[in-house]
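Note: the block below is final_10.cif and it holds mmCIF, C-alpha atoms.
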```cif
data_target
loop_
_atom_site.group_PDB
_atom_site.id
_atom_site.type_symbol
_atom_site.label_atom_id
_atom_site.label_comp_id
_atom_site.auth_asym_id
_atom_site.auth_seq_id
_atom_site.Cartn_x
_atom_site.Cartn_y
_atom_site.Cartn_z
ATOM 1 C CA MET A 20 8.632 -1.851 4.630
ATOM 2 C CA ALA A 21 7.989 0.029 7.826
ATOM 3 C CA PRO A 22 5.759 -1.803 10.320
ATOM 4 C CA LYS A 23 2.217 -0.497 10.404
ATOM 5 C CA ARG A 24 1.038 1.143 13.567
ATOM 6 C CA GLN A 25 -2.394 0.543 14.967
ATOM 7 C CA SER A 26 -4.979 2.792 13.374
ATOM 8 C CA ALA A 27 -5.872 5.870 15.387
ATOM 9 C CA LEU A 28 -9.496 5.315 14.467
ATOM 10 C CA LEU A 29 -9.803 1.756 15.643
ATOM 11 C CA PRO A 30 -12.101 1.570 18.666
ATOM 12 C CA GLN A 31 -10.455 0.469 21.866
ATOM 13 C CA SER A 32 -10.763 -3.253 22.460
ATOM 14 C CA LYS A 33 -13.789 -4.023 24.528
ATOM 15 C CA LYS A 34 -13.412 -5.962 27.704
ATOM 16 C CA PRO A 35 -14.730 -9.514 27.229
ATOM 17 C CA LYS A 36 -17.875 -10.199 29.130
ATOM 18 C CA SER A 37 -17.186 -12.152 32.278
ATOM 19 C CA VAL A 38 -19.472 -14.866 33.485
ATOM 20 C CA PRO A 39 -22.264 -13.310 35.579
ATOM 21 C CA VAL A 40 -21.422 -13.710 39.258
ATOM 22 C CA SER A 41 -25.023 -14.501 40.125
ATOM 23 C CA LYS A 42 -24.981 -17.522 37.835
ATOM 24 C CA LEU A 43 -21.712 -18.694 39.296
ATOM 25 C CA GLU A 44 -23.034 -18.307 42.828
ATOM 26 C CA ASP A 45 -26.288 -20.062 41.992
ATOM 27 C CA LYS A 46 -24.509 -23.045 40.509
ATOM 28 C CA SER A 47 -21.824 -23.247 43.151
ATOM 29 C CA ALA A 48 -24.392 -22.955 45.903
ATOM 30 C CA SER A 49 -26.719 -25.544 44.403
ATOM 31 C CA PRO A 50 -27.058 -28.350 46.901
ATOM 32 C CA GLY A 51 -26.526 -31.913 45.905
ATOM 33 C CA LEU A 52 -24.131 -31.254 42.992
ATOM 34 C CA PRO A 53 -21.935 -34.246 42.200
ATOM 35 C CA LYS A 54 -18.330 -33.776 43.198
ATOM 36 C CA GLY A 55 -17.113 -33.543 39.568
ATOM 37 C CA GLU A 56 -19.584 -30.802 38.636
ATOM 38 C CA LYS A 57 -18.803 -28.854 41.791
ATOM 39 C CA GLU A 58 -15.092 -28.867 40.930
ATOM 40 C CA GLN A 59 -15.901 -27.647 37.422
ATOM 41 C CA GLN A 60 -17.953 -24.759 38.790
ATOM 42 C CA GLU A 61 -15.166 -23.756 41.139
ATOM 43 C CA ALA A 62 -12.686 -23.887 38.234
ATOM 44 C CA ILE A 63 -14.973 -21.637 36.160
ATOM 45 C CA GLU A 64 -15.143 -19.099 39.000
ATOM 46 C CA HIS A 65 -11.353 -19.032 39.284
ATOM 47 C CA ILE A 66 -10.939 -18.720 35.489
ATOM 48 C CA ASP A 67 -13.282 -15.723 35.523
ATOM 49 C CA GLU A 68 -11.245 -14.088 38.285
ATOM 50 C CA VAL A 69 -7.985 -14.664 36.391
ATOM 51 C CA GLN A 70 -9.550 -13.356 33.161
ATOM 52 C CA ASN A 71 -10.574 -10.170 34.945
ATOM 53 C CA GLU A 72 -6.956 -9.643 35.962
ATOM 54 C CA ILE A 73 -5.794 -10.235 32.372
ATOM 55 C CA ASP A 74 -8.331 -7.679 31.101
ATOM 56 C CA ARG A 75 -7.174 -5.176 33.698
ATOM 57 C CA LEU A 76 -3.552 -5.591 32.571
ATOM 58 C CA ASN A 77 -4.573 -5.249 28.904
ATOM 59 C CA GLU A 78 -6.297 -1.947 29.662
ATOM 60 C CA GLN A 79 -3.257 -0.759 31.581
ATOM 61 C CA ALA A 80 -0.989 -1.783 28.681
ATOM 62 C CA SER A 81 -3.147 0.159 26.210
ATOM 63 C CA GLU A 82 -2.804 3.294 28.345
ATOM 64 C CA GLU A 83 0.968 2.887 28.592
ATOM 65 C CA ILE A 84 1.335 2.236 24.829
ATOM 66 C CA LEU A 85 -0.707 5.354 24.090
ATOM 67 C CA LYS A 86 1.592 7.453 26.287
ATOM 68 C CA VAL A 87 4.651 6.098 24.464
ATOM 69 C CA GLU A 88 3.024 6.817 21.082
ATOM 70 C CA GLN A 89 2.246 10.382 22.131
ATOM 71 C CA LYS A 90 5.826 10.900 23.290
ATOM 72 C CA TYR A 91 7.443 9.607 20.100
ATOM 73 C CA ASN A 92 4.909 11.293 17.864
ATOM 74 C CA LYS A 93 6.224 14.628 19.154
ATOM 75 C CA LEU A 94 9.853 13.514 18.747
ATOM 76 C CA ARG A 95 9.269 12.541 15.118
ATOM 77 C CA GLN A 96 7.885 15.919 14.049
ATOM 78 C CA PRO A 97 11.221 17.739 13.417
ATOM 79 C CA PHE A 98 12.374 14.843 11.244
ATOM 80 C CA PHE A 99 9.142 14.830 9.258
ATOM 81 C CA GLN A 100 9.616 18.559 8.687
ATOM 82 C CA LYS A 101 13.217 18.078 7.524
ATOM 83 C CA ARG A 102 12.142 15.256 5.219
ATOM 84 C CA SER A 103 9.433 17.434 3.659
ATOM 85 C CA GLU A 104 11.992 20.161 2.939
ATOM 86 C CA LEU A 105 14.240 17.648 1.171
ATOM 87 C CA ILE A 106 11.372 16.080 -0.778
ATOM 88 C CA ALA A 107 10.460 19.537 -2.085
ATOM 89 C CA LYS A 108 13.737 19.510 -4.038
ATOM 90 C CA ILE A 109 12.643 16.437 -6.044
ATOM 91 C CA PRO A 110 10.194 17.115 -8.903
ATOM 92 C CA ASN A 111 7.109 14.878 -9.058
ATOM 93 C CA PHE A 112 8.110 13.020 -5.900
ATOM 94 C CA TRP A 113 4.588 12.477 -4.598
ATOM 95 C CA VAL A 114 2.861 11.577 -7.846
ATOM 96 C CA THR A 115 5.633 9.044 -8.509
ATOM 97 C CA THR A 116 5.236 7.634 -5.018
ATOM 98 C CA PHE A 117 1.472 7.244 -5.432
ATOM 99 C CA VAL A 118 1.759 5.707 -8.905
ATOM 100 C CA ASN A 119 4.327 3.195 -7.614
ATOM 101 C CA HIS A 120 2.148 2.152 -4.677
ATOM 102 C CA PRO A 121 0.022 -0.856 -5.753
ATOM 103 C CA GLN A 122 -3.104 0.077 -3.793
ATOM 104 C CA VAL A 123 -3.072 3.805 -4.534
ATOM 105 C CA SER A 124 -2.157 3.296 -8.194
ATOM 106 C CA ALA A 125 -5.303 1.193 -8.643
ATOM 107 C CA LEU A 126 -7.361 4.266 -7.684
ATOM 108 C CA LEU A 127 -5.704 6.642 -10.144
ATOM 109 C CA GLY A 128 -7.057 7.534 -13.562
ATOM 110 C CA GLU A 129 -4.940 9.224 -16.232
ATOM 111 C CA GLU A 130 -6.268 12.693 -15.472
ATOM 112 C CA ASP A 131 -5.782 12.096 -11.743
ATOM 113 C CA GLU A 132 -2.106 11.518 -12.440
ATOM 114 C CA GLU A 133 -1.952 14.712 -14.465
ATOM 115 C CA ALA A 134 -3.510 16.672 -11.592
ATOM 116 C CA LEU A 135 -1.205 15.052 -9.032
ATOM 117 C CA HIS A 136 1.830 16.343 -10.944
ATOM 118 C CA TYR A 137 1.014 19.657 -9.241
ATOM 119 C CA LEU A 138 1.157 18.044 -5.774
ATOM 120 C CA THR A 139 4.181 19.439 -3.936
ATOM 121 C CA ARG A 140 3.744 18.257 -0.354
ATOM 122 C CA VAL A 141 1.818 15.751 1.743
ATOM 123 C CA GLU A 142 1.497 16.021 5.515
ATOM 124 C CA VAL A 143 -0.076 13.545 7.939
ATOM 125 C CA THR A 144 -0.877 14.943 11.378
ATOM 126 C CA GLU A 145 -2.127 12.735 14.179
ATOM 127 C CA PHE A 146 -4.132 14.577 16.797
ATOM 128 C CA GLU A 147 -2.312 15.193 20.064
ATOM 129 C CA ASP A 148 -4.006 12.387 21.953
ATOM 130 C CA ILE A 149 -3.397 10.032 18.955
ATOM 131 C CA LYS A 150 -6.545 7.976 19.547
ATOM 132 C CA SER A 151 -9.082 10.601 18.438
ATOM 133 C CA GLY A 152 -7.986 10.778 14.799
ATOM 134 C CA TYR A 153 -5.704 12.342 12.199
ATOM 135 C CA ARG A 154 -5.597 14.724 9.229
ATOM 136 C CA ILE A 155 -3.995 14.411 5.780
ATOM 137 C CA ASP A 156 -3.062 17.628 3.937
ATOM 138 C CA PHE A 157 -2.232 17.801 0.221
ATOM 139 C CA TYR A 158 -0.435 20.967 -0.974
ATOM 140 C CA PHE A 159 -0.744 21.939 -4.648
ATOM 141 C CA ASP A 160 0.870 24.466 -6.954
ATOM 142 C CA GLU A 161 -1.280 26.603 -9.230
ATOM 143 C CA ASN A 162 -2.934 24.151 -11.610
ATOM 144 C CA PRO A 163 -5.589 24.005 -14.361
ATOM 145 C CA TYR A 164 -7.961 21.809 -12.339
ATOM 146 C CA PHE A 165 -8.978 23.574 -9.101
ATOM 147 C CA GLU A 166 -8.453 26.774 -7.138
ATOM 148 C CA ASN A 167 -7.468 25.215 -3.802
ATOM 149 C CA LYS A 168 -3.879 25.403 -2.632
ATOM 150 C CA ILE A 169 -4.524 22.814 0.100
ATOM 151 C CA LEU A 170 -6.907 19.851 0.149
ATOM 152 C CA SER A 171 -7.436 18.164 3.511
ATOM 153 C CA LYS A 172 -9.336 15.233 4.919
ATOM 154 C CA GLU A 173 -9.806 14.635 8.653
ATOM 155 C CA PHE A 174 -10.806 11.480 10.485
ATOM 156 C CA HIS A 175 -12.320 11.661 13.955
ATOM 157 C CA LEU A 176 -13.317 9.177 16.615
ATOM 158 C CA ASN A 177 -15.736 10.624 19.155
ATOM 159 C CA GLU A 178 -16.051 9.637 22.806
ATOM 160 C CA SER A 179 -18.634 6.991 22.031
ATOM 161 C CA GLY A 180 -16.252 5.377 19.525
ATOM 162 C CA ASP A 181 -18.162 6.402 16.385
ATOM 163 C CA PRO A 182 -15.869 7.367 13.450
ATOM 164 C CA SER A 183 -16.540 10.319 11.170
ATOM 165 C CA SER A 184 -14.682 12.316 8.537
ATOM 166 C CA LYS A 185 -14.768 15.713 6.868
ATOM 167 C CA SER A 186 -12.800 17.281 4.047
ATOM 168 C CA THR A 187 -12.086 20.407 2.028
ATOM 169 C CA GLU A 188 -14.618 21.294 -0.633
ATOM 170 C CA ILE A 189 -12.783 21.234 -3.953
ATOM 171 C CA LYS A 190 -13.299 24.421 -5.976
ATOM 172 C CA TRP A 191 -13.088 23.022 -9.488
ATOM 173 C CA LYS A 192 -12.315 25.283 -12.412
ATOM 174 C CA SER A 193 -14.854 25.414 -15.227
ATOM 175 C CA GLY A 194 -15.119 22.083 -17.039
ATOM 176 C CA LYS A 195 -12.313 20.515 -14.960
ATOM 177 C CA ASP A 196 -14.277 18.545 -12.330
ATOM 178 C CA LEU A 197 -12.562 15.146 -12.508
ATOM 179 C CA THR A 198 -15.174 13.526 -10.265
ATOM 180 C CA LYS A 199 -17.835 14.162 -12.935
ATOM 181 C CA ARG A 200 -15.661 13.295 -15.902
ATOM 182 C CA SER A 201 -14.321 9.984 -14.581
ATOM 183 C CA SER A 202 -17.275 7.964 -15.879
ATOM 184 C CA GLN A 203 -16.806 9.447 -19.356
ATOM 185 C CA THR A 204 -13.174 8.348 -19.633
ATOM 186 C CA GLN A 205 -13.630 4.660 -18.806
ATOM 187 C CA ASN A 206 -13.574 3.583 -22.475
ATOM 188 C CA LYS A 207 -10.572 5.674 -23.506
ATOM 189 C CA ALA A 208 -8.528 3.655 -25.995
ATOM 190 C CA SER A 209 -5.322 5.555 -25.168
ATOM 191 C CA ARG A 210 -5.273 4.772 -21.451
ATOM 192 C CA LYS A 211 -2.087 3.261 -20.051
ATOM 193 C CA ARG A 212 -3.711 0.476 -18.092
ATOM 194 C CA GLN A 213 -5.640 -2.330 -19.697
ATOM 195 C CA HIS A 214 -8.398 -2.394 -17.059
ATOM 196 C CA GLU A 215 -11.226 0.105 -16.848
ATOM 197 C CA GLU A 216 -10.430 3.531 -15.493
ATOM 198 C CA PRO A 217 -11.388 3.753 -11.803
ATOM 199 C CA GLU A 218 -13.429 6.520 -10.276
ATOM 200 C CA SER A 219 -11.417 9.680 -9.820
ATOM 201 C CA PHE A 220 -8.979 9.750 -6.916
ATOM 202 C CA PHE A 221 -10.555 13.054 -5.942
ATOM 203 C CA THR A 222 -13.935 11.437 -5.167
ATOM 204 C CA TRP A 223 -12.203 10.296 -1.969
ATOM 205 C CA PHE A 224 -12.514 13.834 -0.634
ATOM 206 C CA THR A 225 -16.309 13.669 -0.899
ATOM 207 C CA ASP A 226 -16.752 10.091 0.319
ATOM 208 C CA HIS A 227 -17.617 9.992 4.019
ATOM 209 C CA SER A 228 -19.731 6.830 3.926
ATOM 210 C CA ASP A 229 -17.407 4.640 6.005
ATOM 211 C CA ALA A 230 -14.864 6.738 7.877
ATOM 212 C CA GLY A 231 -13.927 3.843 10.149
ATOM 213 C CA ALA A 232 -12.740 1.752 7.199
ATOM 214 C CA ASP A 233 -11.226 4.333 4.869
ATOM 215 C CA GLU A 234 -8.652 2.230 3.036
ATOM 216 C CA LEU A 235 -6.913 5.075 1.225
ATOM 217 C CA GLY A 236 -6.566 7.171 4.377
ATOM 218 C CA GLU A 237 -5.115 4.228 6.293
ATOM 219 C CA VAL A 238 -2.675 3.382 3.477
ATOM 220 C CA ILE A 239 -1.374 6.948 3.295
ATOM 221 C CA LYS A 240 -1.069 7.293 7.075
ATOM 222 C CA ASP A 241 0.312 3.869 8.001
ATOM 223 C CA ASP A 242 2.183 2.722 4.905
ATOM 224 C CA ILE A 243 3.258 5.631 2.706
ATOM 225 C CA TRP A 244 3.792 8.428 5.237
ATOM 226 C CA PRO A 245 6.267 6.551 7.507
ATOM 227 C CA ASN A 246 8.604 5.972 4.550
ATOM 228 C CA PRO A 247 7.520 7.367 1.154
ATOM 229 C CA LEU A 248 11.024 7.002 -0.281
ATOM 230 C CA GLN A 249 10.665 3.228 -0.566
ATOM 231 C CA TYR A 250 7.810 3.694 -3.050
ATOM 232 C CA TYR A 251 9.408 6.572 -4.913
ATOM 233 C CA LEU A 252 12.412 4.342 -5.628
ATOM 234 C CA VAL A 253 10.372 1.369 -6.871
ATOM 235 C CA PRO A 254 11.506 0.762 -10.487
ATOM 236 C CA ASP A 255 8.984 1.312 -13.259
ATOM 237 C CA MET A 256 7.411 -2.060 -14.026
ATOM 238 C CA ASP A 257 6.958 -1.163 -17.712
ATOM 239 C CA ASP A 258 10.693 -0.467 -18.013
ATOM 240 C CA GLU A 259 11.484 -3.743 -16.269
ATOM 241 C CA GLU A 260 9.197 -5.660 -18.614
ATOM 242 C CA GLY A 261 10.784 -3.918 -21.624
ATOM 243 C CA GLU A 262 14.271 -4.836 -20.424
ATOM 244 C CA ALA A 263 13.161 -8.422 -19.820
ATOM 245 C CA GLU A 264 11.754 -8.640 -23.353
ATOM 246 C CA ASP A 265 15.003 -7.240 -24.784
ATOM 247 C CA ASP A 266 16.963 -9.817 -22.801
ATOM 248 C CA ASP A 267 14.716 -12.582 -24.134
ATOM 249 C CA ASP A 268 15.211 -11.338 -27.711
ATOM 250 C CA ASP A 269 18.983 -11.266 -27.224
ATOM 251 C CA ASP A 270 18.916 -14.798 -25.843
ATOM 252 C CA GLU A 271 16.845 -15.996 -28.813
ATOM 253 C CA GLU A 272 19.260 -14.351 -31.265
ATOM 254 C CA GLU A 273 22.235 -15.962 -29.559
ATOM 255 C CA GLU A 274 20.529 -19.349 -29.625
ATOM 256 C CA GLY A 275 19.738 -18.853 -33.329
ATOM 257 C CA LEU A 276 23.372 -18.052 -34.104
ATOM 258 C CA GLU A 277 24.513 -21.087 -32.138
ATOM 259 C CA ASP A 278 22.120 -23.298 -34.114
ATOM 260 C CA ILE A 279 23.439 -21.871 -37.397
ATOM 261 C CA ASP A 280 27.042 -22.503 -36.298
ATOM 262 C CA GLU A 281 26.195 -26.065 -35.311
ATOM 263 C CA GLU A 282 24.473 -26.702 -38.659
ATOM 264 C CA GLY A 283 27.485 -25.250 -40.457
ATOM 265 C CA ASP A 284 29.829 -27.549 -38.536
ATOM 266 C CA GLU A 285 27.659 -30.542 -39.405
ATOM 267 C CA ASP A 286 27.648 -29.612 -43.111
ATOM 268 C CA GLU A 287 31.427 -29.274 -43.124
ATOM 269 C CA GLY A 288 31.734 -32.644 -41.432
ATOM 270 C CA GLU A 289 29.545 -34.241 -44.093
ATOM 271 C CA GLU A 290 31.609 -32.660 -46.891
ATOM 272 C CA ASP A 291 34.826 -33.962 -45.305
ATOM 273 C CA GLU A 292 33.331 -37.445 -45.142
ATOM 274 C CA ASP A 293 32.313 -37.243 -48.833
ATOM 275 C CA ASP A 294 35.836 -36.123 -49.783
ATOM 276 C CA ASP A 295 37.364 -38.993 -47.835
ATOM 277 C CA GLU A 296 35.049 -41.482 -49.524
ATOM 278 C CA GLY A 297 35.967 -40.035 -52.958
ATOM 279 C CA GLU A 298 39.675 -40.352 -52.264
ATOM 280 C CA GLU A 299 39.269 -43.930 -51.087
ATOM 281 C CA GLY A 300 37.341 -44.767 -54.276
ATOM 282 C CA GLU A 301 40.114 -43.378 -56.507
ATOM 283 C CA GLU A 302 42.724 -45.359 -54.606
ATOM 284 C CA ASP A 303 40.743 -48.572 -55.104
ATOM 285 C CA GLU A 304 40.441 -47.939 -58.866
ATOM 286 C CA GLY A 305 44.198 -47.380 -59.050
ATOM 287 C CA GLU A 306 44.909 -50.705 -57.361
ATOM 288 C CA ASP A 307 42.576 -52.521 -59.776
ATOM 289 C CA ASP A 308 44.506 -51.129 -62.740
#
```

Rewrite the structure from the file as structure tokens, please.
Amino acid sequence: MAPKRQSALLPQSKKPKSVPVSKLEDKSASPGLPKGEKEQQEAIEHIDEVQNEIDRLNEQASEEILKVEQKYNKLRQPFFQKRSELIAKIPNFWVTTFVNHPQVSALLGEEDEEALHYLTRVEVTEFEDIKSGYRIDFYFDENPYFENKILSKEFHLNESGDPSSKSTEIKWKSGKDLTKRSSQTQNKASRKRQHEEPESFFTWFTDHSDAGADELGEVIKDDIWPNPLQYYLVPDMDDEEGEAEDDDDDDEEEEGLEDIDEEGDEDEGEEDEDDDEGEEGEEDEGEDD
């Protein structure tokens, strides 16, 4: 699995509060302090100075890391474009990828999966300065659910560090609004999964309650987008379970046959012993005569 990069929406780490200089000066200048306490105060002052240097280096490191991220973000773009062109040749690539991802799959209802069969491309674009946010675009073919060709959701971090998000308004076709129908399908007996149907995946486009902790957005950007192929290739768990059950049945049949063979061998052995005893009895009768 590709290592996750730091979220573009995470606020920059705040510099730890240093000990107020006035307090340090007051204590260090206090007359009559015992020698041990005076040494402790001097040590605290020096620790605060060293900590300030550490904080300064951390800030400098953050700036340098951001520059490197910006550089390589640009270098990755042609490869992302080439990958998208190749993915377009594989039917149902993205719906398969989402269904195979454990966190995303938990958010998908049956009708969501049906709608996502029309999803042809996914693009994640980090804003040029990286730290101010990103956008996720979903490209759809003509479908029976909504009119939109592209659905997008953007995440922003303003100068004060407050996160926000906005998204495309979905133009649902008549009677096809999955966000309104999700509650009516929770008790469907024919659903694949044994747990209750979740809210529709598409409610994510209207949920802007906590943009700074949008789990689905972060999963798509940091886990799926860097390498979607690893999830597309995950084997179907139902098929694996079916194969495992078949293997268990075969093993049980083989064990049953082995038991039958062993019982047959035992029966033959008993018959041989009976025959031997009969022959010995006849011989003894002959000797008596």

If the PyMOL selection byres ((chain A and resi 111) around 10) is run on the structure shown, which residues does it catch, given as a PyMOL selection string? chain A and resi 106-110+112-116+135-140+251

**Prompt:** In Å, with one decimal, what is the gap from atom CA of A:Phe146 to atom CA of A:Ala232?
**Reply:**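 Interatomic distance, atom CA of A:Phe146 to atom CA of A:Ala232: 18.2 Å.
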
Taken to one decimal, the atom CA of A:Asn167-atom CA of A:Val238 distance is 23.5 Å

Practice item. For atom CA of A:Lys195 and atom CA of A:Glu218, quote the distance in Å rounded to one decimal. Key: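 Going from atom CA of A:Lys195 over to atom CA of A:Glu218 covers 14.8 Å.
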
Starting from the shown file, work through the PyMOL selection byres ((chain A and resi 189) around 10) and note down what comes out as an mmCIF file with C-alpha atoms, in the frame of the given file.
```cif
data_model
loop_
_atom_site.group_PDB
_atom_site.id
_atom_site.type_symbol
_atom_site.label_atom_id
_atom_site.label_comp_id
_atom_site.auth_asym_id
_atom_site.auth_seq_id
_atom_site.Cartn_x
_atom_site.Cartn_y
_atom_site.Cartn_z
ATOM 1 C CA TYR A 164 -7.961 21.809 -12.339
ATOM 2 C CA PHE A 165 -8.978 23.574 -9.101
ATOM 3 C CA GLU A 166 -8.453 26.774 -7.138
ATOM 4 C CA ASN A 167 -7.468 25.215 -3.802
ATOM 5 C CA LYS A 168 -3.879 25.403 -2.632
ATOM 6 C CA ILE A 169 -4.524 22.814 0.100
ATOM 7 C CA LEU A 170 -6.907 19.851 0.149
ATOM 8 C CA SER A 171 -7.436 18.164 3.511
ATOM 9 C CA SER A 186 -12.800 17.281 4.047
ATOM 10 C CA THR A 187 -12.086 20.407 2.028
ATOM 11 C CA GLU A 188 -14.618 21.294 -0.633
ATOM 12 C CA LYS A 190 -13.299 24.421 -5.976
ATOM 13 C CA TRP A 191 -13.088 23.022 -9.488
ATOM 14 C CA LYS A 192 -12.315 25.283 -12.412
ATOM 15 C CA ASP A 196 -14.277 18.545 -12.330
ATOM 16 C CA PHE A 221 -10.555 13.054 -5.942
ATOM 17 C CA THR A 222 -13.935 11.437 -5.167
ATOM 18 C CA PHE A 224 -12.514 13.834 -0.634
ATOM 19 C CA THR A 225 -16.309 13.669 -0.899
#
```

Which residues, written as a PyMOL selection string, have at least one atom at most 8 Å from A:Tyr153, with all atoms listed in the file counted and residues fewer than 6 positions away on the same chain left out?
chain A and resi 27+143-146+173-175

Next, write the just-selected residues to a file, as a PDB file, keeping the file's coordinate frame, keeping C-alpha atoms as the atom set.
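Everything below was put into result01.pdb:
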```pdb
ATOM      1  CA  ALA A  27      -5.872   5.870  15.387  1.00  0.00           C
ATOM      2  CA  VAL A 143      -0.076  13.545   7.939  1.00  0.00           C
ATOM      3  CA  THR A 144      -0.877  14.943  11.378  1.00  0.00           C
ATOM      4  CA  GLU A 145      -2.127  12.735  14.179  1.00  0.00           C
ATOM      5  CA  PHE A 146      -4.132  14.577  16.797  1.00  0.00           C
ATOM      6  CA  GLU A 173      -9.806  14.635   8.653  1.00  0.00           C
ATOM      7  CA  PHE A 174     -10.806  11.480  10.485  1.00  0.00           C
ATOM      8  CA  HIS A 175     -12.320  11.661  13.955  1.00  0.00           C
TER       9      HIS A 175
END
```
